[in-house]
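S.K.: For reference, this is my_file-v7.cif, and it has mmCIF, C-alpha atoms and all ligand atoms; chains and numbers go by the auth columns.
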```
data_coords
#
loop_
_atom_site.group_PDB
_atom_site.id
_atom_site.type_symbol
_atom_site.label_atom_id
_atom_site.label_comp_id
_atom_site.label_asym_id
_atom_site.label_seq_id
_atom_site.Cartn_x
_atom_site.Cartn_y
_atom_site.Cartn_z
_atom_site.B_iso_or_equiv
_atom_site.auth_seq_id
_atom_site.auth_asym_id
ATOM 1 C CA MET A 1 20.849 6.211 52.843 0.00 630 A
ATOM 2 C CA LEU A 2 19.042 8.452 50.370 0.00 631 A
ATOM 3 C CA GLU A 3 20.334 12.004 49.951 0.00 632 A
ATOM 4 C CA ILE A 4 19.769 15.175 48.015 0.00 633 A
ATOM 5 C CA GLU A 5 22.957 17.185 47.678 0.00 634 A
ATOM 6 C CA ASN A 6 22.726 20.890 46.944 0.00 635 A
ATOM 7 C CA ALA A 7 19.990 20.352 44.354 0.00 636 A
ATOM 8 C CA SER A 8 18.077 23.048 42.503 0.00 637 A
ATOM 9 C CA VAL A 9 14.999 22.094 40.514 0.00 638 A
ATOM 10 C CA SER A 10 13.035 24.197 38.048 0.00 639 A
ATOM 11 C CA ILE A 11 9.699 23.320 36.493 0.00 640 A
ATOM 12 C CA GLU A 12 9.134 24.790 33.058 0.00 641 A
ATOM 13 C CA GLY A 13 11.839 27.366 33.711 0.00 642 A
ATOM 14 C CA THR A 14 10.504 28.432 37.128 0.00 643 A
ATOM 15 C CA PRO A 15 12.911 27.714 40.002 0.00 644 A
ATOM 16 C CA ILE A 16 11.046 25.631 42.606 0.00 645 A
ATOM 17 C CA LEU A 17 13.749 24.053 44.807 0.00 646 A
ATOM 18 C CA ARG A 18 16.865 25.975 45.747 0.00 647 A
ATOM 19 C CA ASN A 19 20.087 24.320 46.948 0.00 648 A
ATOM 20 C CA VAL A 20 18.263 21.574 48.808 0.00 649 A
ATOM 21 C CA GLU A 21 20.264 19.395 51.198 0.00 650 A
ATOM 22 C CA LEU A 22 18.368 16.462 52.689 0.00 651 A
ATOM 23 C CA THR A 23 19.627 13.225 54.201 0.00 652 A
ATOM 24 C CA MET A 24 17.524 10.170 54.937 0.00 653 A
ATOM 25 C CA PRO A 25 19.699 7.737 56.905 0.00 654 A
ATOM 26 C CA THR A 26 18.941 4.025 56.713 0.00 655 A
ATOM 27 C CA GLY A 27 16.538 2.989 59.453 0.00 656 A
ATOM 28 C CA ALA A 28 15.393 6.565 60.139 0.00 657 A
ATOM 29 C CA MET A 29 12.072 8.346 59.647 0.00 658 A
ATOM 30 C CA ILE A 30 12.439 11.867 58.421 0.00 659 A
ATOM 31 C CA GLY A 31 9.741 14.530 58.247 0.00 660 A
ATOM 32 C CA LEU A 32 9.505 17.183 55.548 0.00 661 A
ATOM 33 C CA VAL A 33 7.121 19.844 56.793 0.00 662 A
ATOM 34 C CA GLY A 34 5.852 22.803 54.841 0.00 663 A
ATOM 35 C CA ARG A 35 2.736 24.586 53.671 0.00 664 A
ATOM 36 C CA ASN A 36 0.898 23.924 50.424 0.00 665 A
ATOM 37 C CA GLY A 37 3.050 24.970 47.517 0.00 666 A
ATOM 38 C CA ALA A 38 6.272 25.001 49.569 0.00 667 A
ATOM 39 C CA GLY A 39 7.829 22.296 47.378 0.00 668 A
ATOM 40 C CA LYS A 40 7.241 19.004 49.233 0.00 669 A
ATOM 41 C CA THR A 41 5.902 17.081 46.233 0.00 670 A
ATOM 42 C CA THR A 42 8.673 18.529 44.054 0.00 671 A
ATOM 43 C CA THR A 43 11.254 17.227 46.559 0.00 672 A
ATOM 44 C CA LEU A 44 9.715 13.744 46.583 0.00 673 A
ATOM 45 C CA LYS A 45 9.524 13.695 42.777 0.00 674 A
ATOM 46 C CA THR A 46 13.208 14.614 42.661 0.00 675 A
ATOM 47 C CA LEU A 47 14.021 11.660 44.921 0.00 676 A
ATOM 48 C CA ILE A 48 12.077 9.194 42.762 0.00 677 A
ATOM 49 C CA GLY A 49 13.374 10.569 39.482 0.00 678 A
ATOM 50 C CA LEU A 50 10.216 12.171 38.056 0.00 679 A
ATOM 51 C CA LEU A 51 12.089 15.478 38.164 0.00 680 A
ATOM 52 C CA VAL A 52 15.791 15.904 37.460 0.00 681 A
ATOM 53 C CA PRO A 53 17.687 18.717 39.203 0.00 682 A
ATOM 54 C CA GLN A 54 19.416 21.341 37.058 0.00 683 A
ATOM 55 C CA SER A 55 22.274 21.270 39.535 0.00 684 A
ATOM 56 C CA GLY A 56 23.214 19.098 42.497 0.00 685 A
ATOM 57 C CA LYS A 57 22.888 15.370 42.992 0.00 686 A
ATOM 58 C CA VAL A 58 20.689 12.595 44.327 0.00 687 A
ATOM 59 C CA ARG A 59 22.560 9.709 45.947 0.00 688 A
ATOM 60 C CA PHE A 60 21.430 6.312 47.149 0.00 689 A
ATOM 61 C CA ASP A 61 23.865 4.484 49.411 0.00 690 A
ATOM 62 C CA GLY A 62 26.576 6.732 48.018 0.00 691 A
ATOM 63 C CA ALA A 63 25.861 5.985 44.349 0.00 692 A
ATOM 64 C CA ASP A 64 24.951 8.935 42.113 0.00 693 A
ATOM 65 C CA ILE A 65 21.393 8.254 40.873 0.00 694 A
ATOM 66 C CA THR A 66 20.713 11.801 39.617 0.00 695 A
ATOM 67 C CA SER A 67 20.192 10.552 36.054 0.00 696 A
ATOM 68 C CA THR A 68 18.677 7.183 36.982 0.00 697 A
ATOM 69 C CA SER A 69 15.145 6.682 35.605 0.00 698 A
ATOM 70 C CA PRO A 70 12.135 6.381 37.936 0.00 699 A
ATOM 71 C CA HIS A 71 11.683 2.766 36.808 0.00 700 A
ATOM 72 C CA ARG A 72 15.279 1.896 37.711 0.00 701 A
ATOM 73 C CA ARG A 73 14.934 3.694 41.072 0.00 702 A
ATOM 74 C CA ALA A 74 11.843 1.607 41.793 0.00 703 A
ATOM 75 C CA ALA A 75 13.900 -1.487 40.993 0.00 704 A
ATOM 76 C CA LEU A 76 16.457 -0.262 43.558 0.00 705 A
ATOM 77 C CA GLY A 77 13.672 -0.417 46.176 0.00 706 A
ATOM 78 C CA ILE A 78 12.571 3.219 46.363 0.00 707 A
ATOM 79 C CA GLY A 79 8.765 3.348 46.798 0.00 708 A
ATOM 80 C CA PHE A 80 6.469 6.373 46.570 0.00 709 A
ATOM 81 C CA MET A 81 2.959 7.057 47.799 0.00 710 A
ATOM 82 C CA PRO A 82 1.463 10.058 45.964 0.00 711 A
ATOM 83 C CA GLU A 83 -0.744 12.470 47.845 0.00 712 A
ATOM 84 C CA ASP A 84 -3.708 11.824 45.554 0.00 713 A
ATOM 85 C CA ARG A 85 -3.430 7.989 45.871 0.00 714 A
ATOM 86 C CA ARG A 86 -3.863 7.368 42.133 0.00 715 A
ATOM 87 C CA LEU A 87 -5.277 3.852 42.371 0.00 716 A
ATOM 88 C CA VAL A 88 -6.351 2.269 39.077 0.00 717 A
ATOM 89 C CA PRO A 89 -10.185 2.214 39.233 0.00 718 A
ATOM 90 C CA ASP A 90 -10.639 -0.894 37.046 0.00 719 A
ATOM 91 C CA LEU A 91 -8.401 -2.989 39.262 0.00 720 A
ATOM 92 C CA THR A 92 -8.992 -4.578 42.644 0.00 721 A
ATOM 93 C CA VAL A 93 -6.937 -3.612 45.673 0.00 722 A
ATOM 94 C CA ARG A 94 -4.818 -6.762 45.248 0.00 723 A
ATOM 95 C CA GLU A 95 -4.197 -5.926 41.596 0.00 724 A
ATOM 96 C CA ASN A 96 -3.373 -2.309 42.410 0.00 725 A
ATOM 97 C CA ILE A 97 -0.780 -3.492 44.923 0.00 726 A
ATOM 98 C CA LEU A 98 0.591 -5.941 42.344 0.00 727 A
ATOM 99 C CA VAL A 99 0.848 -3.428 39.457 0.00 728 A
ATOM 100 C CA PRO A 100 4.428 -2.380 40.283 0.00 729 A
ATOM 101 C CA ALA A 101 5.365 -6.045 40.758 0.00 730 A
ATOM 102 C CA TRP A 102 4.091 -6.852 37.249 0.00 731 A
ATOM 103 C CA ALA A 103 5.959 -3.887 35.789 0.00 732 A
ATOM 104 C CA MET A 104 9.154 -4.909 37.536 0.00 733 A
ATOM 105 C CA ARG A 105 8.670 -8.690 37.135 0.00 734 A
ATOM 106 C CA LEU A 106 9.196 -9.231 40.854 0.00 735 A
ATOM 107 C CA GLN A 107 9.464 -12.924 41.664 0.00 736 A
ATOM 108 C CA ASP A 108 8.351 -12.653 45.292 0.00 737 A
ATOM 109 C CA ALA A 109 5.246 -10.508 44.701 0.00 738 A
ATOM 110 C CA GLU A 110 2.716 -12.870 46.333 0.00 739 A
ATOM 111 C CA LYS A 111 4.898 -13.277 49.407 0.00 740 A
ATOM 112 C CA ARG A 112 5.260 -9.519 49.591 0.00 741 A
ATOM 113 C CA VAL A 113 1.442 -9.114 49.359 0.00 742 A
ATOM 114 C CA ASP A 114 1.102 -11.443 52.368 0.00 743 A
ATOM 115 C CA TRP A 115 3.669 -9.357 54.251 0.00 744 A
ATOM 116 C CA ILE A 116 1.792 -6.144 53.362 0.00 745 A
ATOM 117 C CA VAL A 117 -1.524 -7.599 54.614 0.00 746 A
ATOM 118 C CA ASP A 118 0.198 -8.707 57.835 0.00 747 A
ATOM 119 C CA LEU A 119 1.405 -5.148 58.294 0.00 748 A
ATOM 120 C CA ILE A 120 -1.939 -3.568 57.268 0.00 749 A
ATOM 121 C CA PRO A 121 -4.611 -6.139 58.264 0.00 750 A
ATOM 122 C CA GLU A 122 -7.380 -3.675 57.288 0.00 751 A
ATOM 123 C CA LEU A 123 -6.523 -4.485 53.661 0.00 752 A
ATOM 124 C CA GLY A 124 -7.337 -8.211 54.076 0.00 753 A
ATOM 125 C CA PRO A 125 -11.132 -7.966 53.571 0.00 754 A
ATOM 126 C CA LEU A 126 -10.701 -5.290 50.877 0.00 755 A
ATOM 127 C CA MET A 127 -8.342 -7.160 48.569 0.00 756 A
ATOM 128 C CA ASP A 128 -10.992 -8.159 46.009 0.00 757 A
ATOM 129 C CA ARG A 129 -12.796 -4.814 45.985 0.00 758 A
ATOM 130 C CA TYR A 130 -12.325 -2.312 43.209 0.00 759 A
ATOM 131 C CA ALA A 131 -10.668 0.975 44.104 0.00 760 A
ATOM 132 C CA PRO A 132 -13.806 3.167 43.704 0.00 761 A
ATOM 133 C CA GLN A 133 -15.646 0.931 46.203 0.00 762 A
ATOM 134 C CA LEU A 134 -13.293 2.052 48.961 0.00 763 A
ATOM 135 C CA SER A 135 -13.531 5.045 51.260 0.00 764 A
ATOM 136 C CA GLY A 136 -10.871 7.727 50.924 0.00 765 A
ATOM 137 C CA GLY A 137 -9.097 6.376 54.008 0.00 766 A
ATOM 138 C CA GLN A 138 -9.169 2.793 52.709 0.00 767 A
ATOM 139 C CA GLN A 139 -7.717 4.061 49.437 0.00 768 A
ATOM 140 C CA LYS A 140 -4.867 5.671 51.371 0.00 769 A
ATOM 141 C CA LEU A 141 -4.110 2.317 53.022 0.00 770 A
ATOM 142 C CA ALA A 142 -4.193 0.575 49.628 0.00 771 A
ATOM 143 C CA ALA A 143 -1.836 3.223 48.195 0.00 772 A
ATOM 144 C CA LEU A 144 0.466 2.659 51.161 0.00 773 A
ATOM 145 C CA GLY A 145 0.358 -1.085 50.443 0.00 774 A
ATOM 146 C CA ARG A 146 1.262 -0.454 46.801 0.00 775 A
ATOM 147 C CA ALA A 147 4.167 1.826 47.811 0.00 776 A
ATOM 148 C CA LEU A 148 5.422 -0.964 50.069 0.00 777 A
ATOM 149 C CA MET A 149 5.491 -3.435 47.172 0.00 778 A
ATOM 150 C CA VAL A 150 8.311 -1.356 45.700 0.00 779 A
ATOM 151 C CA GLY A 151 9.639 0.400 48.803 0.00 780 A
ATOM 152 C CA ARG A 152 11.857 -2.244 50.304 0.00 781 A
ATOM 153 C CA ARG A 153 14.755 0.094 51.021 0.00 782 A
ATOM 154 C CA ALA A 154 13.256 3.577 50.940 0.00 783 A
ATOM 155 C CA LEU A 155 9.707 4.834 51.276 0.00 784 A
ATOM 156 C CA LEU A 156 8.541 8.327 50.349 0.00 785 A
ATOM 157 C CA LEU A 157 5.074 9.258 51.555 0.00 786 A
ATOM 158 C CA ASP A 158 3.472 12.461 50.297 0.00 787 A
ATOM 159 C CA GLU A 159 1.120 13.771 52.992 0.00 788 A
ATOM 160 C CA PRO A 160 -0.163 10.341 54.108 0.00 789 A
ATOM 161 C CA SER A 161 -2.451 11.881 56.744 0.00 790 A
ATOM 162 C CA GLU A 162 -3.872 14.629 54.554 0.00 791 A
ATOM 163 C CA GLY A 163 -7.659 14.565 54.353 0.00 792 A
ATOM 164 C CA VAL A 164 -8.138 11.457 56.495 0.00 793 A
ATOM 165 C CA ALA A 165 -10.046 11.176 59.750 0.00 794 A
ATOM 166 C CA PRO A 166 -7.926 11.629 62.904 0.00 795 A
ATOM 167 C CA ALA A 167 -8.361 7.969 63.931 0.00 796 A
ATOM 168 C CA LEU A 168 -7.034 6.781 60.585 0.00 797 A
ATOM 169 C CA ALA A 169 -4.165 9.281 60.668 0.00 798 A
ATOM 170 C CA GLU A 170 -3.236 7.784 64.027 0.00 799 A
ATOM 171 C CA ARG A 171 -3.507 4.278 62.592 0.00 800 A
ATOM 172 C CA ILE A 172 -1.257 5.203 59.641 0.00 801 A
ATOM 173 C CA GLY A 173 1.263 6.469 62.217 0.00 802 A
ATOM 174 C CA GLU A 174 1.037 3.113 64.013 0.00 803 A
ATOM 175 C CA ILE A 175 1.614 1.180 60.771 0.00 804 A
ATOM 176 C CA LEU A 176 4.621 3.348 59.996 0.00 805 A
ATOM 177 C CA SER A 177 6.007 2.826 63.492 0.00 806 A
ATOM 178 C CA ASN A 178 5.786 -0.936 62.899 0.00 807 A
ATOM 179 C CA LEU A 179 8.028 -0.408 59.872 0.00 808 A
ATOM 180 C CA LYS A 180 10.776 0.998 62.066 0.00 809 A
ATOM 181 C CA THR A 181 12.449 -2.368 62.453 0.00 810 A
ATOM 182 C CA GLU A 182 12.615 -2.960 58.682 0.00 811 A
ATOM 183 C CA GLY A 183 15.740 -0.838 58.146 0.00 812 A
ATOM 184 C CA LEU A 184 14.088 1.398 55.552 0.00 813 A
ATOM 185 C CA CYS A 185 14.791 5.083 54.975 0.00 814 A
ATOM 186 C CA VAL A 186 11.412 6.794 55.262 0.00 815 A
ATOM 187 C CA LEU A 187 10.461 10.343 54.324 0.00 816 A
ATOM 188 C CA ILE A 188 7.035 11.635 55.323 0.00 817 A
ATOM 189 C CA SER A 189 5.853 14.980 53.986 0.00 818 A
ATOM 190 C CA GLU A 190 3.210 16.814 55.992 0.00 819 A
ATOM 191 C CA SER A 191 1.722 20.280 56.077 0.00 820 A
ATOM 192 C CA ASN A 192 2.369 20.108 59.820 0.00 821 A
ATOM 193 C CA ASP A 193 4.186 17.399 61.767 0.00 822 A
ATOM 194 C CA HIS A 194 1.328 16.979 64.191 0.00 823 A
ATOM 195 C CA HIS A 195 0.318 13.431 63.137 0.00 824 A
ATOM 196 C CA VAL A 196 3.722 11.832 62.959 0.00 825 A
ATOM 197 C CA ALA A 197 5.904 13.941 65.261 0.00 826 A
ATOM 198 C CA ASP A 198 6.491 11.087 67.704 0.00 827 A
ATOM 199 C CA LEU A 199 7.789 8.840 64.953 0.00 828 A
ATOM 200 C CA LEU A 200 10.302 11.172 63.436 0.00 829 A
ATOM 201 C CA ASP A 201 14.031 10.929 64.014 0.00 830 A
ATOM 202 C CA ASP A 202 14.688 14.167 62.192 0.00 831 A
ATOM 203 C CA VAL A 203 12.580 16.982 60.762 0.00 832 A
ATOM 204 C CA PHE A 204 13.256 19.296 57.845 0.00 833 A
ATOM 205 C CA SER A 205 11.134 22.321 57.088 0.00 834 A
ATOM 206 C CA ILE A 206 10.536 23.551 53.568 0.00 835 A
ATOM 207 C CA GLU A 207 9.522 27.067 52.722 0.00 836 A
ATOM 208 C CA ARG A 208 9.456 28.510 49.202 0.00 837 A
ATOM 209 C CA GLY A 209 11.695 25.737 47.944 0.00 838 A
ATOM 210 C CA GLN A 210 14.308 26.099 50.682 0.00 839 A
ATOM 211 C CA VAL A 211 14.907 23.252 53.079 0.00 840 A
ATOM 212 C CA ARG A 212 16.343 23.570 56.541 0.00 841 A
ATOM 213 C CA ARG A 213 16.885 21.046 59.274 0.00 842 A
ATOM 214 C CA LEU A 214 14.925 21.736 62.451 0.00 843 A
ATOM 215 C CA GLU A 215 16.051 21.003 65.977 0.00 844 A
ATOM 216 C CA HIS A 216 14.063 17.955 66.985 0.00 845 A
HETATM 217 N N1 LIG B . 3.891 21.482 36.703 0.00 901 B
HETATM 218 C C1 LIG B . 4.133 22.643 37.315 0.00 901 B
HETATM 219 N N2 LIG B . 4.279 23.790 36.609 0.00 901 B
HETATM 220 C C2 LIG B . 4.554 24.967 37.226 0.00 901 B
HETATM 221 N N3 LIG B . 4.670 25.109 38.553 0.00 901 B
HETATM 222 C C3 LIG B . 4.529 24.006 39.306 0.00 901 B
HETATM 223 C C4 LIG B . 4.261 22.723 38.739 0.00 901 B
HETATM 224 N N4 LIG B . 4.178 21.821 39.745 0.00 901 B
HETATM 225 C C5 LIG B . 4.388 22.539 40.880 0.00 901 B
HETATM 226 N N5 LIG B . 4.584 23.834 40.621 0.00 901 B
HETATM 227 C C6 LIG B . 4.819 24.898 41.619 0.00 901 B
HETATM 228 O O1 LIG B . 5.884 24.483 42.446 0.00 901 B
HETATM 229 C C7 LIG B . 5.662 24.906 43.795 0.00 901 B
HETATM 230 C C8 LIG B . 5.817 23.708 44.702 0.00 901 B
HETATM 231 O O2 LIG B . 4.799 22.756 44.430 0.00 901 B
HETATM 232 P P1 LIG B . 4.704 21.373 45.212 0.00 901 B
HETATM 233 O O3 LIG B . 3.596 20.589 44.605 0.00 901 B
HETATM 234 O O4 LIG B . 6.046 20.759 45.290 0.00 901 B
HETATM 235 O O5 LIG B . 4.276 21.876 46.682 0.00 901 B
HETATM 236 P P2 LIG B . 3.813 21.042 47.959 0.00 901 B
HETATM 237 O O6 LIG B . 4.631 21.554 49.095 0.00 901 B
HETATM 238 O O7 LIG B . 3.867 19.603 47.675 0.00 901 B
HETATM 239 O O8 LIG B . 2.343 21.538 48.178 0.00 901 B
HETATM 240 P P3 LIG B . 0.953 20.785 47.926 0.00 901 B
HETATM 241 O O9 LIG B . 0.684 20.017 49.141 0.00 901 B
HETATM 242 O O10 LIG B . 0.016 21.913 47.691 0.00 901 B
HETATM 243 O O11 LIG B . 1.160 19.911 46.691 0.00 901 B
HETATM 244 C C9 LIG B . 4.288 25.537 43.830 0.00 901 B
HETATM 245 O O12 LIG B . 4.457 26.931 43.817 0.00 901 B
HETATM 246 C C10 LIG B . 3.643 25.064 42.557 0.00 901 B
HETATM 247 O O13 LIG B . 2.753 26.030 42.060 0.00 901 B
#
```
Show me the file's structure as structure tokens.

M.R.:
Amino acid sequence: MLEIENASVSIEGTPILRNVELTMPTGAMIGLVGRNGAGKTTTLKTLIGLLVPQSGKVRFDGADITSTSPHRRAALGIGFMPEDRRLVPDLTVRENILVPAWAMRLQDAEKRVDWIVDLIPELGPLMDRYAPQLSGGQQKLAALGRALMVGRRALLLDEPSEGVAPALAERIGEILSNLKTEGLCVLISESNDHHVADLLDDVFSIERGQVRRLEH
């Protein structure tokens, strides 16, 4: 279980998140829905340790990880897919997926790559292509694959369906639904919950840095 407890986050002195309470139970898919600028990315960055709250806590399976570095959180199995994909252009898809494994010296990286390709078969024929040779949608799938290299216990996806064709958004939903049996905590941010509504166990809305749980 990954949780934010009464956290407030400022960026360069400007308050962005206010008293945020968010719980991602193990095995559940949670939505975080809000407009552009509402604070979704800030919330995800707080969960992965790129931002540290001025007050409140982040907990993972009960342990206080508020001051734990992003690298250490990745080692705990918390994976992140940024909205803008951020693939390394000089590397192939396989290498992009392996980058976090190299950084973390994961022993089972090749086995995990096989598991990722089983889950996302579209990546199979793309593995030796360089990132700029892929369409935007293919890059999203590769970024999802890379997040899964790290995200063995928790997966945070920042607007995975943003800017992709409806068919691919549907396919991403299908891939995520196949993850349901893996016992991960998953958080999906969206500007509306249209694409993933059927998958979600719980939905939180975010508006001007304030999070509230919606009836679902
Ligand atoms: N580095 C920064 N410096 C100052 N303000 C920032 C910074 N990063 C984000 N903000 C502000 O924080 C607020 C929340 O931004 P955030 O990126 O979390 O929103 P979002 O819900 O993810 O929206 P989007 O989809 O547009 O990224 C916005 O008002 C934004 O302008």

S.K.: One decimal, Å: what's the distance from CA of Met653 in chain A over to CA of Asp830 in chain A, could you say?

M.R.: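 Taking CA of Met653 in chain A as the start and CA of Asp830 in chain A as the end point, the length is 9.8 Å.
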
S.K.: For Gln839 in chain A, which residue out of A:Glu811, A:Asp690, A:Asp747, A:Glu650 is the nearest one, using all atoms listed in the file?

M.R.: A:Glu650

S.K.: Find, counting only C-alpha atoms and all ligand atoms, the residue in A:Pro750, A:Gly812, A:Pro761, A:Pro789 that gets nearest to ligand LIG 901 (chain B).

M.R.: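 Of the candidates, the smallest distance to ligand LIG 901 (chain B) is held by A:Pro789.
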
S.K.: Which residues are close to Val793 in chain A, i.e. within 10 Å by only C-alpha atoms, leaving aside same-chain residues fewer than 2 positions away? Reply as a list in words.

M.R.: Ser764, Gly765, Gly766, Gln767, Lys769, Pro789, Ser790, Glu791, Pro795, Ala796, Leu797, Ala798, Glu799 and Ile801 of chain A

S.K.: Which residues sit within 9 Å of ligand LIG 901 (chain B), counting all atoms listed in the file, listed as a ChimeraX atom specification?

M.R.: /A:639-646,662-674,712,787-788,791,818-820,835-838

S.K.: Can you pull out every residue within 12 Å of Ala771 in chain A, counting only C-alpha atoms, but drop anything in the same chain fewer than 2 positions away, and send it as a PyMOL selection string?

M.R.: chain A and resi 710-711+713-717+720-727+742+745-746+748-769+773-778+789+801

S.K.: I need the chosen residues saved as an mmCIF file, keeping the file's coordinate frame, with C-alpha atoms.

M.R.:
```cif
data_model
loop_
_atom_site.group_PDB
_atom_site.id
_atom_site.type_symbol
_atom_site.label_atom_id
_atom_site.label_comp_id
_atom_site.auth_asym_id
_atom_site.auth_seq_id
_atom_site.Cartn_x
_atom_site.Cartn_y
_atom_site.Cartn_z
ATOM 1 C CA MET A 710 2.959 7.057 47.799
ATOM 2 C CA PRO A 711 1.463 10.058 45.964
ATOM 3 C CA ASP A 713 -3.708 11.824 45.554
ATOM 4 C CA ARG A 714 -3.430 7.989 45.871
ATOM 5 C CA ARG A 715 -3.863 7.368 42.133
ATOM 6 C CA LEU A 716 -5.277 3.852 42.371
ATOM 7 C CA VAL A 717 -6.351 2.269 39.077
ATOM 8 C CA LEU A 720 -8.401 -2.989 39.262
ATOM 9 C CA THR A 721 -8.992 -4.578 42.644
ATOM 10 C CA VAL A 722 -6.937 -3.612 45.673
ATOM 11 C CA ARG A 723 -4.818 -6.762 45.248
ATOM 12 C CA GLU A 724 -4.197 -5.926 41.596
ATOM 13 C CA ASN A 725 -3.373 -2.309 42.410
ATOM 14 C CA ILE A 726 -0.780 -3.492 44.923
ATOM 15 C CA LEU A 727 0.591 -5.941 42.344
ATOM 16 C CA VAL A 742 1.442 -9.114 49.359
ATOM 17 C CA ILE A 745 1.792 -6.144 53.362
ATOM 18 C CA VAL A 746 -1.524 -7.599 54.614
ATOM 19 C CA LEU A 748 1.405 -5.148 58.294
ATOM 20 C CA ILE A 749 -1.939 -3.568 57.268
ATOM 21 C CA PRO A 750 -4.611 -6.139 58.264
ATOM 22 C CA GLU A 751 -7.380 -3.675 57.288
ATOM 23 C CA LEU A 752 -6.523 -4.485 53.661
ATOM 24 C CA GLY A 753 -7.337 -8.211 54.076
ATOM 25 C CA PRO A 754 -11.132 -7.966 53.571
ATOM 26 C CA LEU A 755 -10.701 -5.290 50.877
ATOM 27 C CA MET A 756 -8.342 -7.160 48.569
ATOM 28 C CA ASP A 757 -10.992 -8.159 46.009
ATOM 29 C CA ARG A 758 -12.796 -4.814 45.985
ATOM 30 C CA TYR A 759 -12.325 -2.312 43.209
ATOM 31 C CA ALA A 760 -10.668 0.975 44.104
ATOM 32 C CA PRO A 761 -13.806 3.167 43.704
ATOM 33 C CA GLN A 762 -15.646 0.931 46.203
ATOM 34 C CA LEU A 763 -13.293 2.052 48.961
ATOM 35 C CA SER A 764 -13.531 5.045 51.260
ATOM 36 C CA GLY A 765 -10.871 7.727 50.924
ATOM 37 C CA GLY A 766 -9.097 6.376 54.008
ATOM 38 C CA GLN A 767 -9.169 2.793 52.709
ATOM 39 C CA GLN A 768 -7.717 4.061 49.437
ATOM 40 C CA LYS A 769 -4.867 5.671 51.371
ATOM 41 C CA LEU A 773 0.466 2.659 51.161
ATOM 42 C CA GLY A 774 0.358 -1.085 50.443
ATOM 43 C CA ARG A 775 1.262 -0.454 46.801
ATOM 44 C CA ALA A 776 4.167 1.826 47.811
ATOM 45 C CA LEU A 777 5.422 -0.964 50.069
ATOM 46 C CA MET A 778 5.491 -3.435 47.172
ATOM 47 C CA PRO A 789 -0.163 10.341 54.108
ATOM 48 C CA ILE A 801 -1.257 5.203 59.641
#
```

S.K.: Could you please determine the separation between CA of Phe709 in chain A and CA of Ala783 in chain A in Å, to one decimal place?

M.R.: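 That distance, rounded to one decimal, is 8.5 Å.
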
S.K.: Starting from the shown file, work through the PyMOL selection byres (((chain A and resi 657) around 10) and not hetatm) and note down what comes out as a PyMOL selection string.

M.R.: chain A and resi 630+652-656+658-660+783+809-810+812-816+828-831

S.K.: Take every atom of range 718-721 of chain A listed in the file, pad by 5 Å on each side, and give me the axis-aligned box centre and edge lengths in Å, one decimal, as AutoDock Vina command-line options.

M.R.:
```
--center_x -9.5 --center_y -1.2 --center_z 39.8 --size_x 12.2 --size_y 16.8 --size_z 15.6
```

S.K.: Report, in Å to a single decimal, how far apart CA of Pro729 in chain A and CA of Gly678 in chain A are.

M.R.: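 About the pair CA of Gly678 in chain A and CA of Pro729 in chain A: they are 15.8 Å apart.
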
S.K.: Selected by the PyMOL selection byres (((chain A and resi 697) around 10) and not hetatm) in the shown coordinates: which residues, as number ranges by chain?

M.R.: A: 677-679, 681, 687, 693-696, 698-702

S.K.: Nearest to Val832 in chain A among A:Thr675, A:Lys686, A:Leu661, A:Asn648, with distances taken over all atoms listed in the file: which residue is it?

M.R.: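 So, comparing all the options, the nearest one is A:Leu661.
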
S.K.: Looking at A:Ile817, A:Ser684, A:Trp744, A:Ala704, which one is nearest to Trp731 in chain A, with distances taken over all atoms listed in the file?

M.R.: A:Ala704

S.K.: Using only C-alpha atoms, can you tell me which of A:Ile804, A:Leu843, A:Leu785, A:Met733 comes closest to Leu770 in chain A?

M.R.: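 Result for the nearest residue to Leu770 in chain A: A:Ile804.
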
S.K.: Restricting the calculation to only C-alpha atoms: of A:Ile707, A:Val649, A:Pro682, A:Phe689, which residue gets closest to Glu632 in chain A?

M.R.: A:Phe689
